[in-house]
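Taking it in order: structure first as structure tokens, then the write-up.
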Amino acid sequence: MSTPTTVTAYAAPAAKAPLERTTVERRAVRAHDVRITVAHVGICHSDLHQVRAGWGSEIFPMVPGHEITGIVREVGPAVTRHAVGDRVGVGCMVDSCRVCENCLVGLEQYCDEGPVWTYNSVGKDGQPTYGGYAQEIVVDEAFVVRVPDALALDVAAPLLCAGITTYSPLRHWNAGPGRRVAVVGLGGLGHMAVQLAHALGAEVTVLSQSLRKREDGLRLGADDYRATSDPATFEELAGAFDLLLNTVSAPLDYAAYFGLLRTDGAMVNLGLPEEPVQIGLQSLNGRRRSMSSSGIGGIAETQEMLDFCAARGVAAEIEPIRAEQVNEAYDRLLAGDVRYRFVIDAATL
């Protein structure tokens, strides 16, 4: 019979405190559980927000990490979806109510009761969840996805958040041939949005503060790259786009960006600023433009995204790091000094 295990992890002991090497307990494997030996885990900007108490409702000590890939080490007696030795991934959530309207149609991320997040959340057992900056994780099979053989586990890890966070709105708002998509920001999310929108067949433009990453943007699949610091950008691209994906976590001049949308165009916000923002509704009026948001994707859509990436050769561009470099990586992430995702090698824990 399976028993709880103690594993090495990196955790923030308190808000804004540096992460420290420590141990956490993983539960015994239940009937439908999968125990995963973590191979790689990406560092998401939301890890930084939560460790530094930017969004509120943090639970400490906190083990971040929701871009997890690894190998199945043990399965419960009722598991049918995965087997020992499988290459698998775990994203931003590890459970949901499973019976509400959203869960029943594969939108577990919008569960009426709220999903159980991979970390900084409370599971159905009343215990806090700990994320992937750890040697192992135990997750219900229904929230574990298969990583195709064509994707290396290190470059696949960021797909579990950055990939699905951009793929889901691109699919929902019908990005494809004949559609013009603008991506605001070329960072961890933005560099995935460009690749995915291009692979879906859309015409893609990157909107960034400067032209510093222009060469990267074009290499990743952008058809055009414009500096938002240049007022001419907003004049020349007025009414140009069907979809605008905002990947940055800072307030913008929203009225200026709404002006880039065609009739019935949508601006979809993926980044979450820590401070409240103000929007003048008048700037939406006139062309039936809309402002919306999108949060990750359901489990089935996440699997679809992984299979799509494997088939189209899409993967994250990463900088591998050792576990003890995590605090340095956080500082560099805050400064925007990463192209384009830090990924921790869990073997260094």
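Each chain of the structure tokens is named A, B, ... in the order shown, its residues numbered from 1; ligands are numbered from 1 in display order.
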Residue neighbourhood A:Thr8, 12 Å, only C-alpha atoms, exclusion window fewer than 6 positions, as a list in words: Glu20, Arg21, Thr22, Thr23, Val24, Glu25, Arg26, Thr37, Val38, Val63, Tyr130, Gly131, Gly132, Tyr133, Ala134, Gln135, Glu136, Ile137, Ala323, Ala346, Ala347, Thr348 and Leu349 of chain A
DSSP on the backbone: what in stretch 152-200 of chain A comes out alpha helix (DSSP H), as a list in words? Leu153, Asp154, Val155, Ala156, Ala162, Gly163, Ile164, Thr165, Thr166, Tyr167, Ser168, Pro169, Leu170, Arg171, His172, Gly188, Leu189, Gly190, His191, Met192, Ala193, Val194, Gln195, Leu196, Ala197, His198 and Ala199 of chain A
Keeping only N, CA, C and O atoms, write the selected residues as a CSV table (one decimal), in the first residue's frame.
chain,number,residue,atom,x,y,z
A,153,LEU,N,10.9,17.1,-22.8
A,153,LEU,CA,10.3,17.5,-21.6
A,153,LEU,C,10.6,18.9,-21.1
A,153,LEU,O,9.8,19.5,-20.4
A,154,ASP,N,11.8,19.4,-21.4
A,154,ASP,CA,12.2,20.7,-20.9
A,154,ASP,C,11.4,21.8,-21.7
A,154,ASP,O,10.8,22.7,-21.0
A,155,VAL,N,11.4,21.7,-23.0
A,155,VAL,CA,10.7,22.8,-23.8
A,155,VAL,C,9.2,22.6,-23.7
A,155,VAL,O,8.4,23.5,-24.1
A,156,ALA,N,8.7,21.4,-23.3
A,156,ALA,CA,7.3,21.2,-23.2
A,156,ALA,C,6.7,21.8,-21.9
A,156,ALA,O,5.5,22.2,-21.8
A,162,ALA,N,2.0,28.8,-20.3
A,162,ALA,CA,2.2,29.8,-21.3
A,162,ALA,C,1.5,29.3,-22.6
A,162,ALA,O,0.9,30.1,-23.4
A,163,GLY,N,1.7,28.0,-22.9
A,163,GLY,CA,1.2,27.5,-24.2
A,163,GLY,C,-0.4,27.5,-24.2
A,163,GLY,O,-1.0,28.0,-25.1
A,164,ILE,N,-1.0,26.9,-23.2
A,164,ILE,CA,-2.4,26.8,-23.2
A,164,ILE,C,-3.1,28.2,-22.9
A,164,ILE,O,-4.2,28.4,-23.4
A,165,THR,N,-2.4,29.0,-22.2
A,165,THR,CA,-3.0,30.4,-21.9
A,165,THR,C,-3.1,31.2,-23.2
A,165,THR,O,-4.0,32.0,-23.3
A,166,THR,N,-2.3,30.9,-24.1
A,166,THR,CA,-2.4,31.6,-25.4
A,166,THR,C,-3.1,30.8,-26.5
A,166,THR,O,-3.9,31.4,-27.3
A,167,TYR,N,-3.0,29.5,-26.4
A,167,TYR,CA,-3.7,28.7,-27.4
A,167,TYR,C,-5.2,28.8,-27.2
A,167,TYR,O,-6.0,28.9,-28.2
A,168,SER,N,-5.7,28.8,-26.0
A,168,SER,CA,-7.1,28.8,-25.7
A,168,SER,C,-7.9,30.0,-26.3
A,168,SER,O,-8.9,29.8,-27.0
A,169,PRO,N,-7.4,31.2,-26.1
A,169,PRO,CA,-8.1,32.3,-26.7
A,169,PRO,C,-7.9,32.4,-28.2
A,169,PRO,O,-8.8,32.9,-28.9
A,170,LEU,N,-6.8,32.0,-28.7
A,170,LEU,CA,-6.6,31.9,-30.2
A,170,LEU,C,-7.6,31.0,-30.8
A,170,LEU,O,-8.2,31.4,-31.9
A,171,ARG,N,-7.9,29.9,-30.2
A,171,ARG,CA,-8.9,29.0,-30.7
A,171,ARG,C,-10.3,29.5,-30.5
A,171,ARG,O,-11.2,29.5,-31.4
A,172,HIS,N,-10.6,30.1,-29.3
A,172,HIS,CA,-11.9,30.6,-29.0
A,172,HIS,C,-12.3,31.7,-30.0
A,172,HIS,O,-13.5,31.8,-30.4
A,188,GLY,N,7.3,35.6,-22.0
A,188,GLY,CA,7.0,34.2,-21.9
A,188,GLY,C,5.7,33.8,-22.5
A,188,GLY,O,5.6,32.8,-23.3
A,189,LEU,N,4.6,34.6,-22.3
A,189,LEU,CA,3.4,34.3,-23.0
A,189,LEU,C,3.4,34.7,-24.5
A,189,LEU,O,3.0,34.0,-25.4
A,190,GLY,N,4.0,35.9,-24.7
A,190,GLY,CA,3.9,36.5,-26.1
A,190,GLY,C,4.7,35.6,-27.1
A,190,GLY,O,4.2,35.5,-28.2
A,191,HIS,N,5.8,35.1,-26.7
A,191,HIS,CA,6.6,34.3,-27.7
A,191,HIS,C,5.9,33.0,-28.0
A,191,HIS,O,6.0,32.5,-29.1
A,192,MET,N,5.0,32.5,-27.1
A,192,MET,CA,4.2,31.3,-27.5
A,192,MET,C,3.0,31.8,-28.3
A,192,MET,O,2.6,31.1,-29.3
A,193,ALA,N,2.4,32.9,-28.0
A,193,ALA,CA,1.2,33.4,-28.8
A,193,ALA,C,1.6,33.6,-30.2
A,193,ALA,O,0.9,33.3,-31.2
A,194,VAL,N,2.8,34.2,-30.5
A,194,VAL,CA,3.3,34.4,-31.9
A,194,VAL,C,3.4,33.1,-32.6
A,194,VAL,O,2.9,32.9,-33.7
A,195,GLN,N,4.1,32.1,-32.0
A,195,GLN,CA,4.2,30.8,-32.7
A,195,GLN,C,2.9,30.1,-32.9
A,195,GLN,O,2.7,29.6,-34.0
A,196,LEU,N,2.0,30.1,-32.0
A,196,LEU,CA,0.8,29.4,-32.1
A,196,LEU,C,-0.1,30.1,-33.1
A,196,LEU,O,-0.8,29.4,-34.0
A,197,ALA,N,-0.2,31.4,-33.1
A,197,ALA,CA,-1.1,32.1,-34.0
A,197,ALA,C,-0.6,31.9,-35.5
A,197,ALA,O,-1.3,31.7,-36.4
A,198,HIS,N,0.7,31.9,-35.6
A,198,HIS,CA,1.3,31.7,-36.9
A,198,HIS,C,1.0,30.2,-37.4
A,198,HIS,O,0.7,30.0,-38.6
A,199,ALA,N,1.2,29.3,-36.5
A,199,ALA,CA,0.9,27.9,-36.8
A,199,ALA,C,-0.5,27.7,-37.2
A,199,ALA,O,-0.9,26.8,-38.0
Long-range neighbours of A:Gly286 as a ChimeraX atom specification, 12 Å cut-off, only C-alpha atoms, 2 positions minimum in chain: /A:239,258-259,261-265,281-284,288-290
Write the selection just made, keeping N, CA and C atoms, as a PDB file, in the first residue's frame?
ATOM      1  N   GLY A 239      -7.681  50.204 -36.706  1.00  0.00           N
ATOM      2  CA  GLY A 239      -8.699  49.321 -37.288  1.00  0.00           C
ATOM      3  C   GLY A 239      -8.151  48.118 -38.015  1.00  0.00           C
ATOM      4  N   PHE A 258      -7.689  49.771 -28.201  1.00  0.00           N
ATOM      5  CA  PHE A 258      -9.009  49.499 -28.775  1.00  0.00           C
ATOM      6  C   PHE A 258      -9.096  50.067 -30.187  1.00  0.00           C
ATOM      7  N   GLY A 259      -8.410  51.185 -30.422  1.00  0.00           N
ATOM      8  CA  GLY A 259      -8.432  51.797 -31.748  1.00  0.00           C
ATOM      9  C   GLY A 259      -7.779  50.949 -32.821  1.00  0.00           C
ATOM     10  N   LEU A 261      -8.519  47.814 -33.262  1.00  0.00           N
ATOM     11  CA  LEU A 261      -9.434  46.717 -33.584  1.00  0.00           C
ATOM     12  C   LEU A 261     -10.377  47.069 -34.729  1.00  0.00           C
ATOM     13  N   ARG A 262     -10.638  46.068 -35.549  1.00  0.00           N
ATOM     14  CA  ARG A 262     -11.667  46.171 -36.576  1.00  0.00           C
ATOM     15  C   ARG A 262     -13.050  46.140 -35.921  1.00  0.00           C
ATOM     16  N   THR A 263     -14.072  46.325 -36.734  1.00  0.00           N
ATOM     17  CA  THR A 263     -15.432  46.101 -36.266  1.00  0.00           C
ATOM     18  C   THR A 263     -15.559  44.662 -35.767  1.00  0.00           C
ATOM     19  N   ASP A 264     -16.141  44.505 -34.594  1.00  0.00           N
ATOM     20  CA  ASP A 264     -16.302  43.205 -33.927  1.00  0.00           C
ATOM     21  C   ASP A 264     -14.975  42.615 -33.435  1.00  0.00           C
ATOM     22  N   GLY A 265     -13.922  43.405 -33.443  1.00  0.00           N
ATOM     23  CA  GLY A 265     -12.646  42.919 -32.924  1.00  0.00           C
ATOM     24  C   GLY A 265     -12.658  42.823 -31.409  1.00  0.00           C
ATOM     25  N   LEU A 281     -15.250  53.488 -21.292  1.00  0.00           N
ATOM     26  CA  LEU A 281     -16.106  52.674 -22.160  1.00  0.00           C
ATOM     27  C   LEU A 281     -16.393  53.354 -23.501  1.00  0.00           C
ATOM     28  N   GLN A 282     -16.248  54.674 -23.544  1.00  0.00           N
ATOM     29  CA  GLN A 282     -16.486  55.368 -24.811  1.00  0.00           C
ATOM     30  C   GLN A 282     -15.552  54.859 -25.909  1.00  0.00           C
ATOM     31  N   SER A 283     -14.357  54.424 -25.508  1.00  0.00           N
ATOM     32  CA  SER A 283     -13.381  53.982 -26.511  1.00  0.00           C
ATOM     33  C   SER A 283     -13.742  52.644 -27.138  1.00  0.00           C
ATOM     34  N   LEU A 284     -14.710  51.939 -26.553  1.00  0.00           N
ATOM     35  CA  LEU A 284     -15.187  50.686 -27.140  1.00  0.00           C
ATOM     36  C   LEU A 284     -16.352  50.918 -28.091  1.00  0.00           C
ATOM     37  N   ARG A 288     -18.528  48.058 -32.214  1.00  0.00           N
ATOM     38  CA  ARG A 288     -18.904  46.809 -31.531  1.00  0.00           C
ATOM     39  C   ARG A 288     -17.662  46.031 -31.086  1.00  0.00           C
ATOM     40  N   ARG A 289     -16.637  46.768 -30.708  1.00  0.00           N
ATOM     41  CA  ARG A 289     -15.435  46.149 -30.180  1.00  0.00           C
ATOM     42  C   ARG A 289     -15.712  45.616 -28.778  1.00  0.00           C
ATOM     43  N   SER A 290     -14.892  44.676 -28.350  1.00  0.00           N
ATOM     44  CA  SER A 290     -15.082  44.112 -27.017  1.00  0.00           C
ATOM     45  C   SER A 290     -13.746  43.945 -26.313  1.00  0.00           C
TER      46      SER A 290
END
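Ranking A:Ala31, A:Val144, A:His45, A:Gly221 by their shortest atom-to-atom distance to A:Arg332, with only C-alpha atoms included, puts A:His45 first.
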Which residues are near A:Ala78? Cut-off 10 Å, only C-alpha atoms, ignore same chain within fewer than 4 positions. Put them as a ChimeraX atom specification. /A:30-33,141
Export of the given selection (all heavy atoms) as a tab-separated table (two decimals), in the first residue's frame:
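Final output, saved to out-v6.tsv:
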chain	number	residue	atom	x	y	z
A	30	ARG	N	-3.78	7.59	-4.06
A	30	ARG	CA	-5.15	7.10	-3.94
A	30	ARG	C	-5.51	6.29	-5.20
A	30	ARG	O	-4.72	6.18	-6.12
A	30	ARG	CB	-6.12	8.27	-3.76
A	30	ARG	CG	-5.79	9.15	-2.55
A	30	ARG	CD	-6.55	10.46	-2.63
A	30	ARG	NE	-6.23	11.36	-1.53
A	30	ARG	CZ	-6.51	12.65	-1.52
A	30	ARG	NH1	-7.12	13.22	-2.56
A	30	ARG	NH2	-6.18	13.40	-0.48
A	31	ALA	N	-6.74	5.81	-5.23
A	31	ALA	CA	-7.15	4.91	-6.31
A	31	ALA	C	-6.93	5.50	-7.70
A	31	ALA	O	-6.48	4.81	-8.62
A	31	ALA	CB	-8.62	4.52	-6.14
A	32	HIS	N	-7.23	6.80	-7.86
A	32	HIS	CA	-7.14	7.43	-9.18
A	32	HIS	C	-5.93	8.35	-9.31
A	32	HIS	O	-5.85	9.15	-10.26
A	32	HIS	CB	-8.42	8.22	-9.48
A	32	HIS	CG	-9.60	7.34	-9.74
A	32	HIS	ND1	-9.84	6.78	-10.97
A	32	HIS	CD2	-10.60	6.93	-8.92
A	32	HIS	CE1	-10.95	6.05	-10.91
A	32	HIS	NE2	-11.43	6.12	-9.69
A	33	ASP	N	-4.98	8.24	-8.40
A	33	ASP	CA	-3.83	9.14	-8.41
A	33	ASP	C	-2.67	8.62	-9.25
A	33	ASP	O	-2.51	7.41	-9.46
A	33	ASP	CB	-3.31	9.34	-6.98
A	33	ASP	CG	-4.11	10.37	-6.20
A	33	ASP	OD1	-4.91	11.09	-6.82
A	33	ASP	OD2	-3.94	10.43	-4.97
A	141	GLU	N	-5.47	11.40	-11.89
A	141	GLU	CA	-5.21	11.13	-13.31
A	141	GLU	C	-5.99	12.03	-14.26
A	141	GLU	O	-5.54	12.31	-15.37
A	141	GLU	CB	-5.52	9.67	-13.63
A	141	GLU	CG	-6.98	9.29	-13.50
A	141	GLU	CD	-7.28	7.88	-14.04
A	141	GLU	OE1	-6.61	7.46	-14.99
A	141	GLU	OE2	-8.20	7.24	-13.49
Close residues, A:Ser229 itself excluded, 7 Å, only C-alpha atoms, min 2 positions apart in chain, as a ChimeraX atom specification: /A:209-210,227,231
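Taking only C-alpha atoms, the non-local environment of A:Ala256 within 9 Å (same-chain residues fewer than 4 positions away omitted) comprises Phe234, Leu252, Leu260 and Ser283 of chain A.
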Give the strand (DSSP E or B) residues of stretch 27-202 of chain A, as DSSP finds them on the backbone, and put them as an NGL selection string. :A and (33-42 or 62 or 68-75 or 87-90 or 93-95 or 116-117 or 122 or 128 or 134 or 136-140 or 145-146 or 180-184)
Measure the distance from atom CA of A:Leu211 to atom CA of A:Gly313 in Å and round it to one decimal. 25.9 Å
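Checking A:Ala17, A:Leu245, A:Ile296, A:Met305 one by one against A:Glu108, counting only C-alpha atoms, you find the shortest gap at A:Ile296.
Counting only C-alpha atoms, A:Glu304 has the following residues at most 12 Å away, ignoring those fewer than 5 positions along the same chain: A:Gly106, A:Val145, A:Arg146, A:Val147, A:Pro148, A:Leu159, A:Leu160, A:Gly163, A:Ile164, A:Tyr167, A:Ser168, A:Arg171, A:Gly297, A:Gly298, A:Ile299, A:Cys309, A:Ala310, A:Ala311.
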From the set A:Ala182, A:Leu272, A:Ala83, A:Leu218, which residue has the shortest atom-to-atom contact distance to A:Phe241, counting only C-alpha atoms? A:Ala182
Given only C-alpha atoms as the basis, pick out the residue of A:Ala14, A:Leu306, A:Ile68, A:Ile321 nearest to A:Asp149. A:Leu306
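Among A:Val138, A:Cys44, A:Ala39, A:Met267, the residue with the shortest atom-to-atom distance to A:Cys161, counting only C-alpha atoms, is A:Cys44.
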Closest of A:Val139, A:Leu48, A:Met291, A:Val122 to A:Val90, counting only C-alpha atoms, is A:Val139
